[in-house]
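**Q** One structure, pasted below without further comment.
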2 protein chains.
Amino acid sequence: MYELFFKSFRQKVPLTVQEETQLKRYLTPKKLRKKQYLLQEGDVCKSIAFIEKGVLKAYSVDEKGNEHIIQFGLEGWIISDLYSFLTGESATYNIDAIEDSEVLLISKSAHEELLREMPAYETFTRLNITGAYLAMQKRLTSVISAPLKEQYTDFIALYPDIVQRVPQHMIASYLGLKPETLSRVRQKIAQK
Amino acid sequence: MYELFFKSFRQKVPLTVQEETQLKRYLTPKKLRKKQYLLQEGDVCKSIAFIEKGVLKAYSVDEKGNEHIIQFGLEGWIISDLYSFLTGESATYNIDAIEDSEVLLISKSAHEELLREMPAYETFTRLNITGAYLAMQKRLTSVISAPLKEQYTDFIALYPDIVQRVPQHMIASYLGLKPETLSRVRQKIAQK
DNA sequence: TTTTTCTATTGATTTTAATCAACGTTATTT
DNA sequence: AAATAACGTTGATTAAAATCAATAGAAAAA
């Protein structure tokens, strides 16, 4: 249940056995059924979730009821409404499971204590957020500059596993377009 | 020349006088004329820049020669091609000055040494990148979900100072649309 | 199994943004 | 002061994506 978390941690920062034992006490495992919410818009985000197994999505819903997916999360990724988590304001995103999933939760108090008391955890956090920032910057660059076809081909090149496991209309939502449009983009790509 | 940097630092993390003195040795001030490059695509990004004065922009250029602005930087902000800085690969962004500007440069070796030796600096870095992440996430949400009018009104509400100091066609570029289109969006907003 | 829901595709039409071109104004340079 | 470059706007046209509607297959639930 904790293997992936510690593997991922050690890849970034060395960790002693004592630290691992200590750290484990701060983690709360949770299982999610497909479609189950981890967080609902309006609630306060009480924890960061490390994904041990499964696929989740974070998304907002507009006035018309359309979902806009801001992030997918797979095994080894972290998912959360970070703004809500850090500020205590109510969440603007929903998070739910696309498949049956298992996550490790780190509560706010756990997070703060770990940051204060375990330097390795701060480094782990810094590296995680840096990686997330770089990934998002790449995505944003693509959205504002690349034509649709490239955006989609870039996406499948970068995240082939997501394409396998997630329905197309969700990928369309992630790319900021309608399912019909993505279907047509795919058709055009296939012709060549 | 260093006031804003230390003010910004102290707002995030407490800093002793000794630490401040030590830190100052790692900072290299640099003045930039309007239009002067801080970084050119293809070069390796050798430093992070803290902006003491002025306005800069980071942007990519596509095959057709169009600029796509990924980030503006004002006083108190940090600007860099972080991916290039961290990996040593050549930069995909250009950075140049929109106004005459003054920046403080932190080289890669300085950055690494500070991270190793000064815990306050790691915290400062973590908080900076977290803030940048949250700002970019908000922007990305807007790009994939909001209609153009809202994107623009959100932008002017969030960054009125940028609107004052930066030509409109650059704001269009930042929003991922053509200057003519932004002009028409503004016209429609004004009618109401 | 049968029903229901979810999913991807296609067609016709409307809406939206890009493109191409021209123009007047304001800033910079020389 | 004159010349040049940069900037913002407007118009006409083309291209791209959203919308509305219908359909068929696949997956999940009853």
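The way I read the labels, and the way they are meant: chains A, B, ... in the order of the structure tokens, residue 1 as the first residue of every chain, and ligand 1 as the first ligand shown, with later ones counted on from there.
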List as number ranges by chain the protein and nucleic acid residues near DA6 (chain D), meaning an atom at most 12 Å away when only C-alpha atoms (C1' of nucleotides) are counted, but skip any in the same chain fewer than 4 places from it.
**A** B: 167-169; C: 25-29
**Q** For a quick test of understanding: name the residues of chain B lying within 10 Å of chain C when counting only C-alpha atoms (C1' of nucleotides), and present them as a ChimeraX atom specification.
**A** /B:177-178,180-181
**Q** Specify as a VMD selection string all residues of chain B found within 8 Å of chain A, counting only C-alpha atoms.
**A** chain B and resid 62 68 70 82 to 83 122 to 123 125 to 126 129 to 130 132 to 134 136 to 137 140 to 141 143 to 145 174 to 177
**Q** Would you mind exporting the chosen residues as an mmCIF file, in the first residue's frame, restricted to C-alpha atoms?
**A**
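Okay, this is what ended up in selection-v1.cif:
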```cif
data_model
loop_
_atom_site.group_PDB
_atom_site.id
_atom_site.type_symbol
_atom_site.label_atom_id
_atom_site.label_comp_id
_atom_site.auth_asym_id
_atom_site.auth_seq_id
_atom_site.Cartn_x
_atom_site.Cartn_y
_atom_site.Cartn_z
ATOM 1 C CA ASP B 62 6.571 29.645 -33.411
ATOM 2 C CA HIS B 68 3.539 33.621 -27.485
ATOM 3 C CA ILE B 70 4.077 32.610 -21.333
ATOM 4 C CA LEU B 82 13.173 27.140 -15.100
ATOM 5 C CA TYR B 83 13.331 23.960 -17.125
ATOM 6 C CA GLU B 122 14.892 26.422 0.384
ATOM 7 C CA THR B 123 11.699 27.559 2.040
ATOM 8 C CA THR B 125 12.194 28.781 -3.123
ATOM 9 C CA ARG B 126 9.401 26.400 -2.226
ATOM 10 C CA ILE B 129 7.354 28.057 -6.875
ATOM 11 C CA THR B 130 4.115 27.279 -5.064
ATOM 12 C CA ALA B 132 3.858 30.544 -9.357
ATOM 13 C CA TYR B 133 2.118 27.200 -9.656
ATOM 14 C CA LEU B 134 -1.127 28.492 -8.188
ATOM 15 C CA MET B 136 -0.521 29.453 -13.491
ATOM 16 C CA GLN B 137 -3.215 26.978 -12.526
ATOM 17 C CA LEU B 140 -4.913 27.594 -17.223
ATOM 18 C CA THR B 141 -8.379 27.069 -15.772
ATOM 19 C CA VAL B 143 -7.962 29.412 -20.733
ATOM 20 C CA ILE B 144 -9.663 26.049 -20.989
ATOM 21 C CA SER B 145 -13.014 27.038 -19.502
ATOM 22 C CA TYR B 174 -0.494 36.273 -23.402
ATOM 23 C CA LEU B 175 -4.160 35.401 -23.785
ATOM 24 C CA GLY B 176 -3.418 33.309 -26.846
ATOM 25 C CA LEU B 177 -5.257 35.454 -29.412
#
```
**Q** Residues of chain D no more than 12 Å from chain B, counting only C-alpha atoms (C1' of nucleotides): send them over as a PyMOL selection string.
**A** chain D and resi 6-11+18
**Q** Would you mind writing down, as a ChimeraX atom specification, each residue of chain A that DSSP on the backbone assigns to helix (DSSP H, G or I)?
**A** /A:3-12,17-24,82-87,108-117,119-145,148-158,160-165,168-175,179-191
**Q** Could you give me, as a PyMOL selection string, each residue of region 3-40 of chain A that DSSP assigns to strand (DSSP E) when run on this structure's backbone?
**A** chain A and resi 28-32+37-39
